[in-house]
file work27.cif (mmCIF, C-alpha atoms and all ligand atoms)
data_query
loop_
_atom_site.label_atom_id
_atom_site.label_comp_id
_atom_site.auth_asym_id
_atom_site.auth_seq_id
_atom_site.Cartn_x
_atom_site.Cartn_y
_atom_site.Cartn_z
CA MET T 1 -38.62 42.82 6.18
CA ARG T 2 -38.36 44.48 9.53
CA ILE T 3 -41.65 46.25 9.26
CA LYS T 4 -43.44 47.16 12.43
CA ILE T 5 -47.05 46.22 12.10
CA VAL T 6 -50.10 46.11 14.22
CA GLY T 7 -50.57 43.10 16.45
CA LEU T 8 -53.95 41.65 17.31
CA VAL T 9 -54.76 40.47 20.77
CA SER T 10 -55.35 37.14 22.43
CA VAL T 11 -52.94 34.59 23.90
CA LEU T 12 -50.54 35.56 26.67
CA LEU T 13 -46.86 35.21 25.97
CA CYS T 14 -44.18 34.62 28.47
CA ILE T 15 -41.27 36.87 27.72
CA LEU T 16 -37.91 35.47 28.65
CA GLN T 17 -35.85 38.35 27.43
CA ALA T 18 -37.45 40.98 25.32
CA HIS T 19 -34.94 43.65 24.58
CA GLY T 20 -36.71 45.12 21.60
CA SER T 21 -35.88 48.54 20.40
CA SER T 22 -34.62 49.65 23.76
CA ILE T 23 -31.72 47.46 24.65
CA LEU T 24 -29.77 48.89 27.51
CA SER T 25 -26.27 48.21 28.53
CA PRO T 26 -25.96 47.46 32.22
CA SER T 27 -24.55 50.94 32.76
CA ASP T 28 -27.64 52.80 31.58
CA HIS T 29 -29.92 54.41 34.14
CA GLU T 30 -33.62 54.92 34.27
CA HIS T 31 -34.98 58.47 34.48
CA SER T 32 -31.85 59.84 32.88
CA PRO T 33 -31.80 63.59 32.17
CA GLU T 34 -31.81 62.74 28.44
CA LEU T 35 -35.17 61.09 28.72
CA SER T 36 -36.70 63.89 30.80
CA SER T 37 -35.51 66.35 28.16
CA LEU T 38 -37.08 64.23 25.46
CA LEU T 39 -40.49 64.35 27.15
CA GLU T 40 -40.15 68.12 27.69
CA TRP T 41 -39.17 68.66 24.06
CA LEU T 42 -42.08 66.57 22.81
CA LYS T 43 -44.56 68.46 24.97
CA GLN T 44 -43.24 71.81 23.78
CA ASN T 45 -43.67 70.59 20.22
CA GLY T 46 -47.31 69.64 20.58
CA ALA T 47 -47.04 65.94 21.41
CA THR T 48 -49.53 64.23 23.71
CA VAL T 49 -47.41 62.33 26.21
CA LYS T 50 -48.89 63.28 29.55
CA ASN T 51 -50.04 59.84 30.77
CA VAL T 52 -46.88 57.88 30.06
CA LYS T 53 -43.41 57.69 31.52
CA ILE T 54 -40.17 56.01 30.57
CA ASP T 55 -39.15 53.52 33.21
CA LYS T 56 -37.39 50.30 33.99
CA VAL T 57 -39.88 47.65 32.99
CA ARG T 58 -38.31 44.25 33.50
CA ASP T 59 -35.49 42.51 35.29
CA GLY T 60 -32.12 43.47 33.96
CA GLY T 61 -32.95 47.15 33.68
CA LEU T 62 -34.79 47.01 30.37
CA ARG T 63 -36.25 50.40 29.59
CA GLY T 64 -39.76 50.82 28.28
CA LEU T 65 -42.88 52.92 28.35
CA VAL T 66 -45.27 52.72 31.31
CA ALA T 67 -48.84 54.01 31.70
CA THR T 68 -49.26 56.65 34.41
CA ALA T 69 -53.06 56.58 34.05
CA ASN T 70 -55.67 53.99 33.11
CA PHE T 71 -56.45 53.70 29.40
CA LYS T 72 -59.54 52.17 27.87
CA ALA T 73 -59.31 50.06 24.73
CA GLY T 74 -59.39 52.41 21.76
CA GLU T 75 -58.08 55.38 23.72
CA LEU T 76 -55.12 57.48 22.59
CA VAL T 77 -51.99 56.66 24.60
CA ALA T 78 -49.58 59.09 22.95
CA LEU T 79 -49.51 61.33 19.90
CA ILE T 80 -46.31 62.45 18.17
CA PRO T 81 -46.71 65.23 15.58
CA ASN T 82 -45.07 64.68 12.24
CA HIS T 83 -42.58 67.56 12.69
CA CYS T 84 -41.02 65.65 15.62
CA THR T 85 -40.31 62.61 13.43
CA VAL T 86 -37.71 61.85 10.78
CA ASP T 87 -38.28 60.02 7.49
CA VAL T 88 -34.90 58.40 6.86
CA GLY T 89 -35.49 56.77 3.50
CA HIS T 90 -37.32 54.12 1.52
CA TYR T 91 -38.32 51.18 3.69
CA THR T 92 -36.52 48.62 1.56
CA LEU T 93 -33.10 50.20 2.04
CA PRO T 94 -30.58 48.53 4.35
CA GLY T 95 -29.46 50.36 7.48
CA ALA T 96 -26.22 51.50 5.86
CA GLU T 97 -27.94 53.48 3.10
CA LEU T 98 -30.40 54.88 5.61
CA ALA T 99 -27.47 55.95 7.79
CA VAL T 100 -25.99 57.79 4.79
CA GLN T 101 -29.26 59.65 4.29
CA LEU T 102 -29.67 60.49 7.96
CA LEU T 103 -26.12 61.83 8.23
CA TRP T 104 -26.53 63.75 5.00
CA ARG T 105 -29.67 65.36 6.33
CA GLN T 106 -27.96 66.31 9.57
CA LEU T 107 -25.13 67.90 7.62
CA GLU T 108 -27.34 69.60 5.04
CA TYR T 109 -29.69 71.12 7.62
CA PRO T 110 -27.63 71.98 10.70
CA GLU T 111 -30.42 74.20 12.08
CA TRP T 112 -32.94 71.42 11.84
CA ASN T 113 -30.43 69.01 13.31
CA ARG T 114 -29.90 71.27 16.31
CA THR T 115 -33.62 71.41 17.05
CA PHE T 116 -33.64 67.61 17.25
CA GLU T 117 -30.90 67.47 19.86
CA PRO T 118 -33.17 66.18 22.67
CA TYR T 119 -34.21 63.32 20.42
CA TRP T 120 -30.66 62.40 19.30
CA ASN T 121 -29.65 62.42 22.95
CA SER T 122 -32.48 60.05 23.87
CA LEU T 123 -31.22 57.41 21.46
CA PRO T 124 -28.97 54.61 22.67
CA GLN T 125 -25.27 55.44 22.63
CA TRP T 126 -22.63 53.64 20.58
CA GLY T 127 -21.88 50.19 21.82
CA THR T 128 -25.21 49.72 23.59
CA ILE T 129 -27.26 48.28 20.73
CA TYR T 130 -26.50 45.67 18.13
CA SER T 131 -28.14 44.17 15.10
CA LYS T 132 -26.88 42.42 11.99
CA GLU T 133 -25.98 45.89 10.61
CA ASN T 134 -23.26 46.55 13.19
CA TRP T 135 -22.56 43.11 14.61
CA ASN T 136 -19.18 42.29 16.07
CA LEU T 137 -17.39 40.35 13.34
CA ASP T 138 -14.72 38.84 15.54
CA PRO T 139 -14.59 35.18 14.41
CA ASP T 140 -14.46 33.93 18.02
CA HIS T 141 -17.64 35.84 18.76
CA LEU T 142 -19.43 34.62 15.64
CA ALA T 143 -18.44 31.03 16.40
CA LEU T 144 -20.55 31.26 19.55
CA PHE T 145 -23.61 30.85 17.32
CA GLN T 146 -22.59 27.26 16.61
CA GLU T 147 -24.36 27.75 13.31
CA PRO T 148 -22.46 28.56 10.09
CA TYR T 149 -25.60 29.85 8.36
CA LEU T 150 -26.16 32.50 11.04
CA GLU T 151 -22.49 33.47 11.08
CA HIS T 152 -22.66 33.93 7.35
CA TYR T 153 -25.90 35.89 7.53
CA VAL T 154 -24.45 38.30 10.06
CA GLN T 155 -21.27 38.68 8.02
CA VAL T 156 -23.12 39.47 4.82
CA ASN T 157 -25.09 42.21 6.55
CA ALA T 158 -22.33 43.71 8.66
CA ASN T 159 -19.95 43.57 5.68
CA TRP T 160 -22.51 45.54 3.71
CA THR T 161 -22.43 48.35 6.26
CA ARG T 162 -18.64 48.40 6.09
CA ASP T 163 -18.72 48.39 2.27
CA ALA T 164 -21.30 51.20 2.05
CA TRP T 165 -19.02 53.25 4.31
CA ALA T 166 -16.02 52.49 2.08
CA GLY T 167 -18.04 53.12 -1.09
CA VAL T 168 -17.48 49.61 -2.47
CA ALA T 169 -20.92 48.07 -1.85
CA ALA T 170 -22.73 46.70 -4.87
CA THR T 171 -25.28 49.50 -5.09
CA ASP T 172 -25.63 53.03 -6.47
CA LYS T 173 -22.60 55.13 -5.60
CA GLU T 174 -24.76 58.05 -4.48
CA LYS T 175 -26.33 55.89 -1.77
CA GLN T 176 -22.92 55.26 -0.20
CA TRP T 177 -21.01 57.32 2.28
CA PRO T 178 -18.03 58.65 0.23
CA HIS T 179 -20.41 60.27 -2.26
CA MET T 180 -22.27 62.12 0.52
CA ALA T 181 -19.13 62.86 2.48
CA ALA T 182 -17.59 64.56 -0.57
CA LYS T 183 -20.24 67.30 -0.30
CA TYR T 184 -19.17 68.21 3.23
CA PRO T 185 -15.54 67.15 3.36
CA ARG T 186 -14.64 69.05 6.53
CA GLU T 187 -17.66 68.01 8.62
CA ALA T 188 -17.74 64.47 7.27
CA GLN T 189 -14.19 63.91 8.42
CA ARG T 190 -15.34 64.23 11.99
CA ILE T 191 -17.72 61.32 11.61
CA PRO T 192 -16.04 58.04 12.54
CA TYR T 193 -17.02 54.62 11.25
CA GLU T 194 -18.23 53.68 14.73
CA GLN T 195 -20.90 56.35 14.49
CA PHE T 196 -21.84 55.35 10.97
CA ARG T 197 -22.43 51.72 11.83
CA HIS T 198 -24.27 52.71 14.97
CA TYR T 199 -26.56 54.80 12.76
CA ALA T 200 -26.98 51.82 10.44
CA CYS T 201 -28.19 49.81 13.41
CA LEU T 202 -30.46 52.61 14.64
CA THR T 203 -32.10 53.28 11.29
CA ALA T 204 -32.70 49.56 10.83
CA THR T 205 -34.05 48.83 14.30
CA TYR T 206 -35.35 52.09 15.77
CA THR T 207 -37.65 52.89 12.89
CA PHE T 208 -41.24 52.29 11.90
CA VAL T 209 -42.53 51.78 8.40
CA PHE T 210 -45.25 54.20 7.31
CA PRO T 211 -46.26 55.90 4.06
CA ASP T 212 -45.31 59.54 3.60
CA LYS T 213 -47.61 62.21 2.12
CA ASN T 214 -47.05 60.73 -1.34
CA GLN T 215 -47.89 57.23 -0.17
CA VAL T 216 -44.28 56.11 -0.43
CA TYR T 217 -43.38 53.77 2.43
CA GLN T 218 -40.58 55.18 4.53
CA ARG T 219 -38.47 54.23 7.49
CA VAL T 220 -39.51 56.71 10.14
CA MET T 221 -37.89 57.61 13.44
CA VAL T 222 -40.69 58.35 15.89
CA PRO T 223 -39.37 59.71 19.20
CA LEU T 224 -40.68 58.08 22.36
CA LEU T 225 -42.66 55.45 20.45
CA ASP T 226 -39.31 53.91 19.55
CA LEU T 227 -38.82 53.20 23.26
CA VAL T 228 -41.85 50.93 23.40
CA ASN T 229 -40.87 47.28 23.67
CA HIS T 230 -42.00 44.50 21.38
CA TYR T 231 -44.62 42.08 22.56
CA GLY T 232 -46.16 39.66 20.11
CA ILE T 233 -49.69 38.41 20.42
CA GLY T 234 -51.02 40.16 23.50
CA SER T 235 -49.40 43.56 23.09
CA ASN T 236 -51.62 46.40 24.25
CA THR T 237 -51.22 49.16 21.65
CA PHE T 238 -50.74 49.77 17.97
CA VAL T 239 -49.30 52.73 16.12
CA THR T 240 -51.14 54.40 13.27
CA LYS T 241 -50.56 57.48 11.17
CA ASN T 242 -53.24 60.10 10.65
CA PRO T 243 -53.48 60.59 6.87
CA THR T 244 -54.54 64.22 7.26
CA THR T 245 -52.27 65.55 10.00
CA GLN T 246 -49.52 62.94 9.33
CA ALA T 247 -49.17 62.58 13.12
CA TYR T 248 -48.41 59.24 14.78
CA HIS T 249 -51.01 57.94 17.21
CA MET T 250 -50.37 55.19 19.68
CA VAL T 251 -53.75 53.66 20.50
CA ALA T 252 -54.67 51.13 23.21
CA THR T 253 -55.93 47.81 21.82
CA LYS T 254 -57.21 46.80 25.26
CA ASP T 255 -57.67 48.33 28.68
CA ILE T 256 -54.33 49.32 30.20
CA LYS T 257 -53.99 49.85 33.94
CA LYS T 258 -51.91 52.59 35.50
CA GLY T 259 -48.41 51.20 36.08
CA GLU T 260 -48.65 48.63 33.29
CA GLU T 261 -46.03 48.45 30.58
CA ILE T 262 -47.11 49.72 27.17
CA THR T 263 -46.11 47.34 24.36
CA HIS T 264 -46.73 46.87 20.69
CA THR T 265 -45.85 44.34 18.04
CA TYR T 266 -42.90 45.32 15.82
CA ASN T 267 -43.77 42.43 13.58
CA MET T 268 -44.60 38.78 14.07
CA ASP T 269 -41.26 37.74 12.58
CA ASN T 270 -39.78 38.65 15.95
CA GLU T 271 -41.60 35.71 17.46
CA ARG T 272 -38.75 33.59 16.10
CA ASN T 273 -35.53 33.96 18.03
CA ASP T 274 -33.12 33.80 15.11
CA TYR T 275 -34.93 36.74 13.49
CA ALA T 276 -35.25 38.67 16.77
CA ALA T 277 -31.62 38.08 17.79
CA LEU T 278 -30.14 39.09 14.45
CA ASN T 279 -32.41 42.03 13.82
CA TYR T 280 -33.06 43.37 17.32
CA PHE T 281 -30.64 41.49 19.57
CA PHE T 282 -33.32 40.09 21.86
CA ILE T 283 -34.64 36.60 22.42
CA GLN T 284 -37.74 35.30 24.19
CA ARG T 285 -39.45 32.09 25.18
CA LEU T 286 -43.05 31.97 24.11
CA ASP T 287 -45.92 29.73 25.08
CA PRO T 288 -46.16 27.53 23.07
CA PRO T 289 -42.42 27.68 22.31
CA ARG T 290 -41.40 28.61 18.80
CA LEU T 291 -38.57 27.12 16.81
CA CYS T 292 -36.09 29.38 15.09
CA SER T 293 -37.17 29.92 11.50
CA ILE T 294 -34.08 28.00 10.35
CA ASP T 295 -35.28 24.95 12.28
CA LEU T 296 -38.66 24.78 10.55
CA PRO T 297 -39.02 22.52 7.52
CA GLU T 298 -37.59 24.56 4.63
CA GLY T 299 -37.22 27.47 7.01
CA HIS T 300 -34.80 30.32 6.50
CA LEU T 301 -34.27 33.88 7.64
CA ASP T 302 -35.51 35.79 4.64
CA ALA T 303 -39.12 34.72 4.73
CA SER T 304 -41.77 35.30 7.31
CA PHE T 305 -43.05 32.47 9.56
CA PRO T 306 -45.58 34.32 11.70
CA GLU T 307 -47.91 31.41 12.54
CA PHE T 308 -47.53 28.95 15.39
CA ASP T 309 -45.08 26.10 14.73
CA ASP T 310 -47.80 23.53 14.09
CA HIS T 311 -48.77 25.47 11.00
CA TYR T 312 -45.37 24.62 9.45
CA LEU T 313 -44.60 21.25 11.01
CA PRO T 314 -45.46 18.14 9.00
CA ARG T 315 -48.49 15.87 9.60
CA ASP T 316 -47.43 12.96 7.50
CA LYS T 317 -45.69 10.24 9.51
CA ALA T 318 -42.61 9.94 7.31
CA ALA T 319 -42.18 13.71 7.18
CA ILE T 320 -42.61 14.02 10.95
CA LEU T 321 -39.93 11.40 11.50
CA ALA T 322 -37.65 13.13 9.02
CA HIS T 323 -38.00 16.36 10.97
CA VAL T 324 -37.38 14.62 14.28
CA ASP T 325 -34.26 13.23 12.69
CA TYR T 326 -33.19 16.70 11.57
CA LEU T 327 -33.71 18.12 15.06
CA GLU T 328 -31.96 15.27 16.85
CA THR T 329 -29.02 15.10 14.45
CA LYS T 330 -28.59 18.85 14.69
CA LEU T 331 -28.79 18.75 18.49
CA LYS T 332 -26.07 16.10 18.60
CA SER T 333 -23.87 18.15 16.28
CA PHE T 334 -23.67 21.21 18.55
CA PRO T 335 -20.30 21.50 20.29
CA THR T 336 -21.97 22.22 23.65
CA THR T 337 -25.05 21.01 25.49
CA ILE T 338 -27.58 23.20 27.26
CA ALA T 339 -25.97 22.26 30.58
CA LYS T 340 -22.58 23.36 29.26
CA ASP T 341 -24.05 26.62 28.00
CA ASP T 342 -25.54 27.19 31.43
CA ASN T 343 -22.17 26.63 33.02
CA LEU T 344 -20.56 29.11 30.68
CA LEU T 345 -23.18 31.71 31.48
CA SER T 346 -22.95 31.27 35.22
CA ALA T 347 -19.18 30.88 35.49
CA ARG T 348 -17.85 33.32 38.03
CA LYS T 349 -14.66 34.37 36.32
CA SER T 350 -16.13 34.50 32.86
CA LYS T 351 -14.42 36.59 30.20
CA LEU T 352 -17.59 36.75 28.16
CA THR T 353 -18.86 40.15 27.12
CA TRP T 354 -22.58 40.88 27.29
CA LEU T 355 -22.65 40.45 23.51
CA ASP T 356 -21.14 36.98 23.83
CA ARG T 357 -23.62 36.11 26.53
CA ARG T 358 -26.56 37.11 24.40
CA VAL T 359 -25.43 34.75 21.65
CA ILE T 360 -24.94 31.90 24.13
CA GLU T 361 -28.39 32.57 25.57
CA PHE T 362 -29.73 32.48 22.04
CA ARG T 363 -28.16 29.11 21.16
CA LYS T 364 -29.21 27.65 24.49
CA GLU T 365 -32.80 28.72 23.91
CA ARG T 366 -32.64 27.33 20.38
CA LYS T 367 -31.51 23.94 21.66
CA TRP T 368 -34.17 23.88 24.34
CA THR T 369 -36.91 24.57 21.78
CA MET T 370 -35.54 21.93 19.41
CA GLN T 371 -35.60 19.35 22.20
CA HIS T 372 -39.12 20.39 23.12
CA TRP T 373 -40.45 19.89 19.58
CA ALA T 374 -38.44 16.74 18.91
CA LYS T 375 -40.18 15.15 21.88
CA ILE T 376 -43.65 16.23 20.79
CA LEU T 377 -43.09 15.20 17.19
CA ARG T 378 -41.75 11.79 18.20
CA GLU T 379 -44.97 11.21 20.15
CA ARG T 380 -47.07 12.49 17.30
CA ALA T 381 -45.41 10.18 14.80
CA LYS T 382 -46.76 7.18 16.73
CA THR T 383 -50.34 7.89 15.74
CA ALA T 384 -49.77 9.72 12.48
CA TYR T 385 -50.61 8.24 9.09
CA SER T 386 -48.06 8.01 6.43
CA LEU T 387 -48.94 9.42 3.05
CA HIS T 388 -48.12 5.99 1.65
CA GLN T 389 -50.71 4.40 3.89
CA MET T 390 -53.25 7.05 2.94
CA THR T 391 -52.63 6.45 -0.74
CA ASP T 392 -53.12 2.71 -0.16
CA ILE T 393 -56.42 3.29 1.58
CA GLU T 394 -57.61 5.67 -1.10
CA ALA T 395 -56.49 3.30 -3.81
CA ASN T 396 -58.36 0.40 -2.20
CA HIS T 397 -61.40 2.50 -1.75
CA ASN T 398 -61.37 3.63 -5.35
CA PHE T 399 -60.78 0.09 -6.49
CA GLU T 400 -63.76 -1.24 -4.56
CA HIS T 401 -65.81 1.65 -5.78
CA THR T 402 -64.93 0.96 -9.38
CA GLU T 403 -65.85 -2.68 -8.97
CA LEU T 404 -69.37 -1.79 -7.91
C1 LIG S 1 -26.54 66.90 14.90
O1 LIG S 1 -26.80 67.39 16.17
C2 LIG S 1 -26.21 66.67 17.23
C3 LIG S 1 -26.75 67.20 18.53
O2 LIG S 1 -26.78 68.58 18.55
C4 LIG S 1 -24.73 66.75 17.12
O3 LIG S 1 -24.11 66.05 18.18
C5 LIG S 1 -24.30 66.19 15.79
O4 LIG S 1 -22.92 66.31 15.62
C6 LIG S 1 -25.04 66.86 14.65
N1 LIG S 1 -24.79 66.07 13.47
C7 LIG S 1 -24.06 66.51 12.48
C8 LIG S 1 -23.85 65.53 11.37
O5 LIG S 1 -23.58 67.61 12.44
C1 LIG S 2 -17.00 39.59 5.19
O1 LIG S 2 -15.79 40.29 5.04
C2 LIG S 2 -14.65 39.55 5.47
C3 LIG S 2 -13.45 40.46 5.43
O2 LIG S 2 -13.32 41.06 4.19
C4 LIG S 2 -14.48 38.34 4.57
O3 LIG S 2 -13.38 37.59 4.98
C5 LIG S 2 -15.73 37.50 4.68
O4 LIG S 2 -15.65 36.40 3.78
C6 LIG S 2 -16.96 38.33 4.34
N1 LIG S 2 -18.10 37.48 4.60
C7 LIG S 2 -19.08 37.29 3.72
C8 LIG S 2 -20.12 36.29 4.11
O5 LIG S 2 -19.14 37.85 2.66
#

call {"tool": "encode", "arguments": {"input": "work27.cif", "output": "structure tokens"}}
result
Amino acid sequence: MRIKIVGLVSVLLCILQAHGSSILSPSDHEHSPELSSLLEWLKQNGATVKNVKIDKVRDGGLRGLVATANFKAGELVALIPNHCTVDVGHYTLPGAELAVQLLWRQLEYPEWNRTFEPYWNSLPQWGTIYSKENWNLDPDHLALFQEPYLEHYVQVNANWTRDAWAGVAATDKEKQWPHMAAKYPREAQRIPYEQFRHYACLTATYTFVFPDKNQVYQRVMVPLLDLVNHYGIGSNTFVTKNPTTQAYHMVATKDIKKGEEITHTYNMDNERNDYAALNYFFIQRLDPPRLCSIDLPEGHLDASFPEFDDHYLPRDKAAILAHVDYLETKLKSFPTTIAKDDNLLSARKSKLTWLDRRVIEFRKERKWTMQHWAKILRERAKTAYSLHQMTDIEANHNFEHTEL
């Protein structure tokens, strides 16, 4: 589930590359007219946004929200009224079905759609954000993962978007594009697949999950707050919805200094790079480092592994050694080493696109973390008990006890 939830504070994390909900292509600029218009529009519509600005926040031109005044813990950082937000559909729906609903709404209510123009314009343009919903399915690109399971995972999801567009996905017909498009044949014709899959990515990644007036959990587009970058443990705000006014409040969870970046936690699943890369197209190195969920014992992408790695790693000697063996065998099986990946990334005349590079950075980071844990676990195995030993000791103890 890609639910954005509140993060609690404590340990500092070292972000290698957090490109959360505001991935920028190298060509994007800070302080663009689109973003100034967004702030103007929000102010005119009753939002509280006076002590924040949108700015470049990290190396590489990543865009984010920055405090322009000091905030105390518990203070309101920004408030977005409900009428400036868009409920796009039930939170369990995939991006493709949400895209259908968003497009339908834009077509059904052209007046409403026009009033949201400053918000639509503030969103990333086609080709600047990726997620499993609109991933590039070129086999050469997918092979860069060096991991069949991830290739497959991306294919299943991106294929779903394509199938919902074609009307052949295995779900209700009325949730798919041809059914909606039939209601507005002329207008719908002007909408290309590129836009549809971009919307599928946006509705999956640029949305929050909150209950509506009837307590039904929805995917919600919340202007401005969707520009705030993810930070796991240690983020400085959370977003909450006022049950009476239905407005969205971004509240400081600790003191924030003027000039500091404002962050919140989308969800703790993003603290694992396979989840973050596939769902939000960013990766990070944390302290302590975290394995990909697929590299945890019995780990996979469809469950949540929010705790630190030690919570999931074995304690029994035999199980520790088995996991070391998994990590080392896997490391040996990769077609390239970390050094080779580095060479590829730094090669001068590289033909790699920025999408390719992100995947290579991902696999490199994955390998590094696997090496890191293999080393620690190998050490740990030296002093660990084996369950067999423990059973022996217990058995002896019980035996002696019985004799008495
Ligand atoms: C909604 O409004 C935007 C901005 O005015 C416009 O570009 C877009 O085509 C409209 N969407 C539809 C489906 O008409
Ligand atoms: C995705 O679609 C392509 C093209 O139809 C197909 O070859 C591939 O097997 C599909 N992948 C999955 C995992 O379903």

call {"tool": "atom_distance", "arguments": {"input": "work27.cif", "atom1": "atom CA of Thr244 of chain T", "atom2": "atom CA of Ala47 of chain T"}}
result
16.1 Å

call {"tool": "residues_around", "arguments": {"input": "work27.cif", "residues": "Trp373 of chain T", "least_positions_apart": "6", "cutoff": "9 Å", "atoms": "only C-alpha atoms", "output": "list in words"}}
result
Pro289, Arg290, Leu291, Val324 and Leu327 of chain T

call {"tool": "residues_near_ligand", "arguments": {"input": "work27.cif", "ligand": "ligand LIG 1 (chain S)", "cutoff": "9 Å", "atoms": "all atoms listed in the file", "output": "list in words"}}
result
Leu102, Leu103, Trp104, Arg105, Gln106, Leu107, Glu108, Tyr109, Pro110, Glu111, Trp112, Asn113, Arg114, Thr115, Phe116, Glu117, Pro118, Tyr119, Trp120, Asn121, Glu187, Ala188, Arg190 and Ile191 of chain T

call {"tool": "closest_residue", "arguments": {"input": "work27.cif", "among": "T:Lys340, T:Arg315, T:Lys349, T:His179", "to": "Arg363 of chain T", "atoms": "all atoms listed in the file"}}
result
T:Lys340

call {"tool": "closest_residue", "arguments": {"input": "work27.cif", "among": "T:Ala247, T:Cys84, T:Ala169, T:Leu65", "to": "ligand LIG 2 (chain S)", "atoms": "all atoms listed in the file"}}
result
T:Ala169

call {"tool": "closest_residue", "arguments": {"input": "work27.cif", "among": "T:His90, T:His300, T:His311, T:Lys183", "to": "Phe210 of chain T", "atoms": "all atoms listed in the file"}}
result
T:His90

call {"tool": "residues_near_ligand", "arguments": {"input": "work27.cif", "ligand": "ligand LIG 2 (chain S)", "cutoff": "12 Å", "atoms": "all atoms listed in the file", "output": "mmCIF file with C-alpha atoms, in the frame of the given file"}}
result
data_model
loop_
_atom_site.group_PDB
_atom_site.id
_atom_site.type_symbol
_atom_site.label_atom_id
_atom_site.label_comp_id
_atom_site.auth_asym_id
_atom_site.auth_seq_id
_atom_site.Cartn_x
_atom_site.Cartn_y
_atom_site.Cartn_z
ATOM 1 C CA TRP T 135 -22.560 43.110 14.610
ATOM 2 C CA ASN T 136 -19.180 42.290 16.070
ATOM 3 C CA LEU T 137 -17.390 40.350 13.340
ATOM 4 C CA ASP T 138 -14.720 38.840 15.540
ATOM 5 C CA PRO T 139 -14.590 35.180 14.410
ATOM 6 C CA LEU T 142 -19.430 34.620 15.640
ATOM 7 C CA PRO T 148 -22.460 28.560 10.090
ATOM 8 C CA TYR T 149 -25.600 29.850 8.360
ATOM 9 C CA LEU T 150 -26.160 32.500 11.040
ATOM 10 C CA GLU T 151 -22.490 33.470 11.080
ATOM 11 C CA HIS T 152 -22.660 33.930 7.350
ATOM 12 C CA TYR T 153 -25.900 35.890 7.530
ATOM 13 C CA VAL T 154 -24.450 38.300 10.060
ATOM 14 C CA GLN T 155 -21.270 38.680 8.020
ATOM 15 C CA VAL T 156 -23.120 39.470 4.820
ATOM 16 C CA ASN T 157 -25.090 42.210 6.550
ATOM 17 C CA ALA T 158 -22.330 43.710 8.660
ATOM 18 C CA ASN T 159 -19.950 43.570 5.680
ATOM 19 C CA TRP T 160 -22.510 45.540 3.710
ATOM 20 C CA THR T 161 -22.430 48.350 6.260
ATOM 21 C CA ARG T 162 -18.640 48.400 6.090
ATOM 22 C CA ASP T 163 -18.720 48.390 2.270
ATOM 23 C CA ALA T 166 -16.020 52.490 2.080
ATOM 24 C CA VAL T 168 -17.480 49.610 -2.470
ATOM 25 C CA ALA T 169 -20.920 48.070 -1.850
#

call {"tool": "residues_around", "arguments": {"input": "work27.cif", "residues": "Thr245 of chain T", "least_positions_apart": "6", "cutoff": "10 Å", "atoms": "all atoms listed in the file", "output": "list of chain:residue names"}}
result
T:Pro81, T:Asn82, T:Lys213

call {"tool": "residues_around", "arguments": {"input": "work27.cif", "residues": "Gly167 of chain T", "least_positions_apart": "5", "cutoff": "8 Å", "atoms": "all atoms listed in the file", "output": "list in words"}}
result
Lys173, Gln176, Trp177, Pro178 and His179 of chain T

call {"tool": "atom_distance", "arguments": {"input": "work27.cif", "atom1": "atom CA of Ile338 of chain T", "atom2": "atom CA of Gly232 of chain T"}}
result
25.8 Å

call {"tool": "atom_distance", "arguments": {"input": "work27.cif", "atom1": "atom CA of Ala164 of chain T", "atom2": "atom CA of Tyr91 of chain T"}}
result
17.1 Å

call {"tool": "closest_residue", "arguments": {"input": "work27.cif", "among": "T:Ser346, T:Arg219, T:Glu97, T:Leu39", "to": "Ala170 of chain T", "atoms": "only C-alpha atoms"}}
result
T:Glu97

call {"tool": "closest_residue", "arguments": {"input": "work27.cif", "among": "T:Gln195, T:Gln371, T:Val100, T:Lys241", "to": "Met180 of chain T", "atoms": "all atoms listed in the file"}}
result
T:Val100

call {"tool": "axis_aligned_box", "arguments": {"input": "work27.cif", "around": "segment 259-269 of chain T", "padding_each_side": "8 Å", "output": "JSON"}}
result
{"center_x": -45.0, "center_y": 44.5, "center_z": 24.3, "size_x": 23.4, "size_y": 29.5, "size_z": 39.5}

call {"tool": "closest_residue", "arguments": {"input": "work27.cif", "among": "T:Met370, T:Leu278, T:Leu345, T:Val251", "to": "Cys201 of chain T", "atoms": "only C-alpha atoms"}}
result
T:Leu278

call {"tool": "residues_around", "arguments": {"input": "work27.cif", "residues": "Asn273 of chain T", "least_positions_apart": "2", "cutoff": "9 Å", "atoms": "all atoms listed in the file", "output": "list in words"}}
result
Asp269, Asn270, Glu271, Tyr275, Ala276, Ala277, Leu278, Phe282, Ile283, Gln284, Arg285, Arg290, Leu291, Cys292, Ser293, Phe362, Glu365 and Arg366 of chain T

call {"tool": "residues_around", "arguments": {"input": "work27.cif", "residues": "Ala69 of chain T", "least_positions_apart": "2", "cutoff": "12 Å", "atoms": "only C-alpha atoms", "output": "list in words"}}
result
Val49, Lys50, Asn51, Val52, Lys53, Val66, Ala67, Phe71, Lys72, Glu75, Leu76, Val77, Ala78, Asp255, Ile256, Lys257, Lys258, Gly259, Glu260, Glu261 and Ile262 of chain T
